[in-house]
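Everything below concerns the one structure shown next.
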Amino acid sequence: MNVPEKIPVLPHQIDLWCCFNDSINDDHLHLYRQCLLSPEERERELRFHFERDRKQFVITRALVRSVLSRYAALAPSAWEFVASSHGRPLVVQEAAQHLCFNLSHTAGLVVMAVSAAQEMGVDSENIAIRPASLDVANSFFSPDEVAGLNALPLAQRHQRFFEYWTLKEAWIKARSMGLSIPLDQFSMNLETEGRVSLQTQLVAQPSTWQFFLLSVGNDHLLSVCARQEQPLQLRVHHCRPRLDETMLRPTLLRQTRIEASICADSPFF
């Protein structure tokens with residue numbers, strides 16, 4: 001088996017690794033369990049009641065271990081993790097102390113973002129099967145976001161709800177403070193076509209936060225953010241490129257700065 005070439009961690013780049021659950025068969029799952037997952041992870045898998053949740057857990061853990069080994073000289077099975085005070089997984093070994101990673105999973109998709117930026121987050125949603133909750137928006141979104149949502153035609157509110165939701169979730173995850181951050185105390189401004197800007201008094205210099213909002217396939221919406229003064233590049237990898245690449249090609253919907261860019265490739269993990 002060829003050893004994948006190590007990927008350099010560039011200061012102004014985020015790598016986004018996307019794995020669609022349907023691209024992983026039972027033979028893959030068996031190998032992941034036997035060769036990659038720790039005994040504790042295999043035990044955690046059995047706690048899930050539904051098979052789909054067990055499958056997604058195995059894919060997530062295999063993805064994390066395999067991807068990290070693309071950046072550091074450590075075997076996928078050797079990684080050890082601890083949880084932060086807000087439940088975010090952190091690597092124990094010094095081999096990955098230069099990396100920041102964040103995870104998101106939704107129905108049918110697992111996403112992992114990797115960067116040198118120490119404040120970075122990602123969120124994903126399957127917008128084809130999850131209904132938009134306007135009651136949630138009225139209760140938890142900022143007044144500006146609620147007004148922006150209600151100003152749209154009814155047919156456009158579903159998409160906009162999840163644009164707000166994933167952007168807000170990505171920012172909360174990047175700050176590693178969980179829901180201790182009030183959702184109504186910051187706004188994602190989407191009034192300018194194709195652009196995202198953060199409006200809040202919770203942090204100094206909100207303009208240093210950069211966002212990418214993109215779709216992958218027909219069903220999934222992704223948001224990625226990081227605090228970085230220089231323009232960021234987003235590179236998207238599809239971990240199982242046997243699927244139709246036209247379906248998987250990411251479409252950038254919005255970004256914070258026009259200098260930022262997105263590219264895509266499809267290495268195996």
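Every chain in the structure tokens takes a letter, A first, then B, and so on in the order presented; its residues are numbered from 1, and the ligands are numbered from 1 following the presented order.
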
- Task: Could you give me, as JSON, numbers by chain, the residues within 12 Å of segment 199-207 of chain A, counting only C-alpha atoms and dropping anything in the same chain fewer than 5 positions from it?
- Result: {"A": [142, 143, 144, 145, 168, 171, 172, 175, 180, 181, 182, 183, 184, 185, 186, 187, 188, 189, 190, 225, 226, 227, 228, 229, 230, 231, 256, 257]}

Enumerate the residues of segment 38-113 of chain A with a DSSP assignment of alpha helix (DSSP H), computed from the backbone, and present them as a compact mmCIF listing (two decimals) with all heavy atoms, in the first residue's frame.
# COMPACT_ATOMS: atom_id res chain seq x y z
N PRO A 39 -10.30 0.52 21.16
CA PRO A 39 -11.30 -0.26 21.90
C PRO A 39 -12.40 0.62 22.49
O PRO A 39 -13.58 0.24 22.49
CB PRO A 39 -10.47 -0.95 22.98
CG PRO A 39 -9.11 -1.06 22.39
CD PRO A 39 -8.92 0.19 21.57
N GLU A 40 -12.03 1.78 22.99
CA GLU A 40 -13.03 2.69 23.57
C GLU A 40 -14.00 3.18 22.50
O GLU A 40 -15.21 3.30 22.75
CB GLU A 40 -12.31 3.87 24.24
CG GLU A 40 -13.21 4.79 25.04
CD GLU A 40 -13.80 5.92 24.22
OE1 GLU A 40 -13.21 6.25 23.17
OE2 GLU A 40 -14.83 6.49 24.64
N GLU A 41 -13.51 3.47 21.30
CA GLU A 41 -14.37 3.91 20.22
C GLU A 41 -15.30 2.79 19.75
O GLU A 41 -16.48 3.04 19.47
CB GLU A 41 -13.53 4.43 19.04
CG GLU A 41 -12.88 5.77 19.33
CD GLU A 41 -11.85 6.16 18.28
OE1 GLU A 41 -11.24 5.24 17.67
OE2 GLU A 41 -11.64 7.37 18.09
N ARG A 42 -14.80 1.57 19.70
CA ARG A 42 -15.66 0.45 19.31
C ARG A 42 -16.76 0.24 20.36
O ARG A 42 -17.89 -0.11 20.03
CB ARG A 42 -14.83 -0.82 19.13
CG ARG A 42 -13.91 -0.75 17.92
CD ARG A 42 -13.39 -2.13 17.53
NE ARG A 42 -12.50 -2.70 18.52
CZ ARG A 42 -11.20 -2.52 18.54
NH1 ARG A 42 -10.61 -1.76 17.61
NH2 ARG A 42 -10.45 -3.09 19.47
N GLU A 43 -16.42 0.47 21.61
CA GLU A 43 -17.43 0.35 22.66
C GLU A 43 -18.46 1.46 22.54
O GLU A 43 -19.68 1.22 22.70
CB GLU A 43 -16.74 0.42 24.04
CG GLU A 43 -17.69 0.27 25.21
CD GLU A 43 -16.97 0.33 26.54
OE1 GLU A 43 -15.80 -0.10 26.59
OE2 GLU A 43 -17.57 0.83 27.51
N ARG A 44 -18.02 2.67 22.23
CA ARG A 44 -18.96 3.79 22.07
C ARG A 44 -19.90 3.54 20.91
O ARG A 44 -21.08 3.91 20.96
CB ARG A 44 -18.18 5.09 21.84
CG ARG A 44 -17.53 5.66 23.10
CD ARG A 44 -16.67 6.86 22.76
NE ARG A 44 -17.44 7.92 22.15
CZ ARG A 44 -16.90 8.99 21.55
NH1 ARG A 44 -15.58 9.10 21.49
NH2 ARG A 44 -17.66 9.92 21.03
N GLU A 45 -19.40 2.91 19.85
CA GLU A 45 -20.27 2.63 18.69
C GLU A 45 -21.48 1.81 19.10
O GLU A 45 -22.61 2.06 18.62
CB GLU A 45 -19.47 1.89 17.62
CG GLU A 45 -20.31 1.52 16.40
CD GLU A 45 -19.72 0.39 15.59
OE1 GLU A 45 -18.58 -0.03 15.88
OE2 GLU A 45 -20.42 -0.09 14.68
N GLU A 51 -28.66 1.73 13.41
CA GLU A 51 -27.54 1.35 12.58
C GLU A 51 -26.95 2.55 11.85
O GLU A 51 -25.73 2.66 11.71
CB GLU A 51 -27.97 0.29 11.57
CG GLU A 51 -26.91 -0.09 10.56
CD GLU A 51 -25.65 -0.66 11.19
OE1 GLU A 51 -25.75 -1.26 12.28
OE2 GLU A 51 -24.56 -0.50 10.61
N ARG A 52 -27.79 3.47 11.37
CA ARG A 52 -27.27 4.64 10.65
C ARG A 52 -26.38 5.49 11.54
O ARG A 52 -25.39 6.07 11.07
CB ARG A 52 -28.43 5.48 10.10
CG ARG A 52 -29.30 6.15 11.15
CD ARG A 52 -30.35 7.08 10.57
NE ARG A 52 -31.11 7.75 11.59
CZ ARG A 52 -32.22 7.25 12.14
NH1 ARG A 52 -32.68 6.07 11.75
NH2 ARG A 52 -32.87 7.93 13.08
N ASP A 53 -26.71 5.57 12.82
CA ASP A 53 -25.89 6.35 13.75
C ASP A 53 -24.58 5.64 14.06
O ASP A 53 -23.53 6.28 14.20
CB ASP A 53 -26.66 6.62 15.05
CG ASP A 53 -27.90 7.46 14.82
OD1 ASP A 53 -27.87 8.32 13.91
OD2 ASP A 53 -28.90 7.25 15.53
N ARG A 54 -24.63 4.31 14.15
CA ARG A 54 -23.39 3.56 14.36
C ARG A 54 -22.47 3.72 13.16
O ARG A 54 -21.25 3.91 13.31
CB ARG A 54 -23.71 2.08 14.59
CG ARG A 54 -24.42 1.80 15.92
CD ARG A 54 -24.38 0.33 16.27
NE ARG A 54 -25.19 -0.45 15.35
CZ ARG A 54 -26.49 -0.72 15.53
NH1 ARG A 54 -27.11 -0.24 16.60
NH2 ARG A 54 -27.15 -1.45 14.66
N LYS A 55 -23.04 3.65 11.96
CA LYS A 55 -22.24 3.81 10.75
C LYS A 55 -21.59 5.19 10.70
O LYS A 55 -20.40 5.31 10.41
CB LYS A 55 -23.10 3.59 9.51
CG LYS A 55 -22.35 3.78 8.19
CD LYS A 55 -23.24 3.46 6.99
CE LYS A 55 -22.47 3.62 5.68
NZ LYS A 55 -23.27 3.27 4.50
N GLN A 56 -22.36 6.22 11.01
CA GLN A 56 -21.80 7.57 10.95
C GLN A 56 -20.71 7.78 11.99
O GLN A 56 -19.71 8.45 11.73
CB GLN A 56 -22.90 8.61 11.11
CG GLN A 56 -22.43 10.03 10.82
CD GLN A 56 -23.58 10.96 10.50
OE1 GLN A 56 -24.44 11.19 11.33
NE2 GLN A 56 -23.60 11.49 9.29
N PHE A 57 -20.88 7.18 13.15
CA PHE A 57 -19.84 7.28 14.17
C PHE A 57 -18.54 6.65 13.70
O PHE A 57 -17.45 7.23 13.84
CB PHE A 57 -20.31 6.61 15.47
CG PHE A 57 -19.25 6.58 16.54
CD1 PHE A 57 -19.01 7.69 17.32
CD2 PHE A 57 -18.50 5.43 16.75
CE1 PHE A 57 -18.02 7.67 18.31
CE2 PHE A 57 -17.51 5.39 17.72
CZ PHE A 57 -17.27 6.51 18.51
N VAL A 58 -18.62 5.44 13.11
CA VAL A 58 -17.41 4.76 12.63
C VAL A 58 -16.75 5.58 11.53
O VAL A 58 -15.52 5.75 11.51
CB VAL A 58 -17.76 3.35 12.13
CG1 VAL A 58 -16.55 2.70 11.45
CG2 VAL A 58 -18.24 2.47 13.29
N ILE A 59 -17.55 6.10 10.60
CA ILE A 59 -17.00 6.91 9.51
C ILE A 59 -16.30 8.14 10.07
O ILE A 59 -15.20 8.50 9.65
CB ILE A 59 -18.10 7.32 8.53
CG1 ILE A 59 -18.64 6.09 7.79
CG2 ILE A 59 -17.58 8.34 7.52
CD1 ILE A 59 -19.86 6.38 6.94
N THR A 60 -16.93 8.78 11.05
CA THR A 60 -16.35 10.00 11.63
C THR A 60 -15.01 9.72 12.28
O THR A 60 -14.02 10.43 12.05
CB THR A 60 -17.32 10.60 12.66
OG1 THR A 60 -18.56 10.91 12.03
CG2 THR A 60 -16.74 11.87 13.26
N ARG A 61 -14.94 8.66 13.09
CA ARG A 61 -13.69 8.36 13.77
C ARG A 61 -12.60 7.93 12.78
O ARG A 61 -11.43 8.29 12.93
CB ARG A 61 -13.90 7.26 14.82
CG ARG A 61 -14.95 7.57 15.88
CD ARG A 61 -14.85 8.96 16.42
NE ARG A 61 -13.54 9.27 16.96
CZ ARG A 61 -13.11 10.50 17.18
NH1 ARG A 61 -13.88 11.54 16.89
NH2 ARG A 61 -11.90 10.71 17.69
N ALA A 62 -12.99 7.15 11.77
CA ALA A 62 -12.01 6.73 10.75
C ALA A 62 -11.52 7.93 9.96
O ALA A 62 -10.34 8.03 9.62
CB ALA A 62 -12.63 5.69 9.82
N LEU A 63 -12.42 8.85 9.66
CA LEU A 63 -12.05 10.05 8.91
C LEU A 63 -11.05 10.89 9.70
O LEU A 63 -10.01 11.31 9.17
CB LEU A 63 -13.30 10.87 8.59
CG LEU A 63 -13.07 12.18 7.82
CD1 LEU A 63 -12.55 11.89 6.41
CD2 LEU A 63 -14.37 12.99 7.75
N VAL A 64 -11.34 11.13 10.97
CA VAL A 64 -10.44 11.93 11.80
C VAL A 64 -9.05 11.32 11.85
O VAL A 64 -8.04 12.00 11.62
CB VAL A 64 -11.01 12.07 13.23
CG1 VAL A 64 -9.98 12.69 14.16
CG2 VAL A 64 -12.28 12.90 13.22
N ARG A 65 -8.98 10.04 12.10
CA ARG A 65 -7.68 9.38 12.24
C ARG A 65 -6.92 9.36 10.92
O ARG A 65 -5.71 9.63 10.87
CB ARG A 65 -7.90 7.95 12.76
CG ARG A 65 -8.39 7.90 14.19
CD ARG A 65 -8.69 6.48 14.64
NE ARG A 65 -8.93 6.42 16.08
CZ ARG A 65 -7.99 6.40 17.01
NH1 ARG A 65 -6.72 6.42 16.63
NH2 ARG A 65 -8.29 6.35 18.28
N SER A 66 -7.63 9.07 9.83
CA SER A 66 -6.97 8.99 8.53
C SER A 66 -6.49 10.35 8.05
O SER A 66 -5.39 10.49 7.51
CB SER A 66 -7.92 8.37 7.50
OG SER A 66 -8.31 7.08 7.88
N VAL A 67 -7.33 11.35 8.23
CA VAL A 67 -6.97 12.70 7.77
C VAL A 67 -5.81 13.25 8.56
O VAL A 67 -4.87 13.84 8.00
CB VAL A 67 -8.19 13.63 7.82
CG1 VAL A 67 -7.77 15.09 7.65
CG2 VAL A 67 -9.20 13.26 6.74
N LEU A 68 -5.82 13.10 9.88
CA LEU A 68 -4.72 13.62 10.68
C LEU A 68 -3.38 13.01 10.25
O LEU A 68 -2.35 13.69 10.26
CB LEU A 68 -4.96 13.33 12.16
CG LEU A 68 -6.02 14.19 12.86
CD1 LEU A 68 -6.24 13.70 14.28
CD2 LEU A 68 -5.64 15.66 12.85

- Nearest to Gln210 of chain A among A:Leu74, A:Leu234, A:Met112, A:Leu152, with distances taken over only C-alpha atoms: which residue is it?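 Closest to Gln210 of chain A, using only C-alpha atoms: A:Leu234.
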
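For segment 126-134 of chain A, the set of protein, DNA and RNA residues having any atom at most 10 Å away, when counting only C-alpha atoms and skipping those fewer than 3 positions along the same chain, is His105, Thr106, Ala107, Gly108, Leu109, Ala137, Asn138, Ser139, Phe140, Phe141, Val146, Leu149, Asn150, Arg157, His158, Gln159, Arg160, Phe161, Phe162, Glu163, Trp165, Ser215, Val216, Asn218, Asp219, His220, Leu221 and Leu222 of chain A.
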
Find the spatial neighbours of segment 75-80 of chain A, counting only C-alpha atoms, within a cut-off of 7 Å - ignore same-chain residues fewer than 2 positions away - and output them as a tab-separated table (two decimals) with N, CA, C and O atoms, in the first residue's frame.
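Writing the result to out-v1.tsv gives the following:
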chain	number	residue	atom	x	y	z
A	35	CYS	N	-9.10	-1.98	12.14
A	35	CYS	CA	-7.75	-1.45	11.90
A	35	CYS	C	-7.53	-0.04	12.43
A	35	CYS	O	-6.38	0.37	12.61
A	36	LEU	N	-8.59	0.73	12.63
A	36	LEU	CA	-8.41	2.13	12.98
A	36	LEU	C	-8.95	2.49	14.36
A	36	LEU	O	-8.29	3.20	15.12
A	37	LEU	N	-10.14	2.04	14.68
A	37	LEU	CA	-10.78	2.49	15.91
A	37	LEU	C	-10.14	1.88	17.15
A	37	LEU	O	-9.68	0.74	17.14
A	65	ARG	N	-8.98	10.04	12.10
A	65	ARG	CA	-7.68	9.38	12.24
A	65	ARG	C	-6.92	9.36	10.92
A	65	ARG	O	-5.71	9.63	10.87
A	66	SER	N	-7.63	9.07	9.83
A	66	SER	CA	-6.97	8.99	8.53
A	66	SER	C	-6.49	10.35	8.05
A	66	SER	O	-5.39	10.49	7.51
A	69	SER	N	-3.41	11.74	9.85
A	69	SER	CA	-2.18	11.09	9.41
A	69	SER	C	-1.72	11.56	8.04
A	69	SER	O	-0.61	11.21	7.61
A	73	ALA	N	3.32	12.50	10.91
A	73	ALA	CA	3.90	11.16	10.77
A	73	ALA	C	3.48	10.28	11.93
A	73	ALA	O	4.27	9.95	12.82
A	91	VAL	N	-6.27	16.49	20.22
A	91	VAL	CA	-5.24	15.47	20.06
A	91	VAL	C	-4.29	15.53	21.24
A	91	VAL	O	-3.86	16.61	21.68
A	92	VAL	N	-3.93	14.35	21.76
A	92	VAL	CA	-2.98	14.28	22.87
A	92	VAL	C	-1.55	14.45	22.38
A	92	VAL	O	-0.75	15.17	22.99
A	93	GLN	N	-1.20	13.81	21.25
A	93	GLN	CA	0.18	13.80	20.79
A	93	GLN	C	0.67	15.15	20.29
A	93	GLN	O	-0.10	15.92	19.67

- List every residue of segment 102-138 of chain A that DSSP, applied to the backbone of this structure, assigns to strand (DSSP E), and report them as a ChimeraX atom specification. /A:102-106,109-115,120-126

Take the residues that were just selected and, keeping C-alpha atoms, output them as a compact mmCIF listing (two decimals), in the first residue's frame.
# COMPACT_ATOMS: atom_id res chain seq x y z
CA ASN A 102 -13.25 20.62 13.66
CA LEU A 103 -15.99 18.15 12.81
CA SER A 104 -19.57 18.26 11.64
CA HIS A 105 -21.97 15.55 10.60
CA THR A 106 -25.49 15.56 9.30
CA LEU A 109 -22.39 13.43 5.31
CA VAL A 110 -19.38 13.76 7.60
CA VAL A 111 -17.14 16.83 7.29
CA MET A 112 -13.75 17.57 8.83
CA ALA A 113 -11.99 20.93 8.56
CA VAL A 114 -8.23 21.19 9.14
CA SER A 115 -6.20 24.36 9.44
CA MET A 120 -11.80 27.60 13.18
CA GLY A 121 -15.19 25.88 12.89
CA VAL A 122 -17.38 24.02 10.42
CA ASP A 123 -21.07 23.15 10.35
CA SER A 124 -23.19 21.18 7.89
CA GLU A 125 -26.88 20.46 7.37
CA ASN A 126 -28.89 18.20 5.09

- Task: Report the distance between atom CA of Ala72 of chain A and atom CA of Lys6 of chain A in Å, rounded to one decimal place.
- Result: 7.0 Å

- Message: as a PyMOL selection string, please: the residues near Phe211 of chain A (cut-off 8 Å, only C-alpha atoms, same-chain neighbours under 5 positions excluded).
- Response: chain A and resi 167+196-197+223-226+254-256
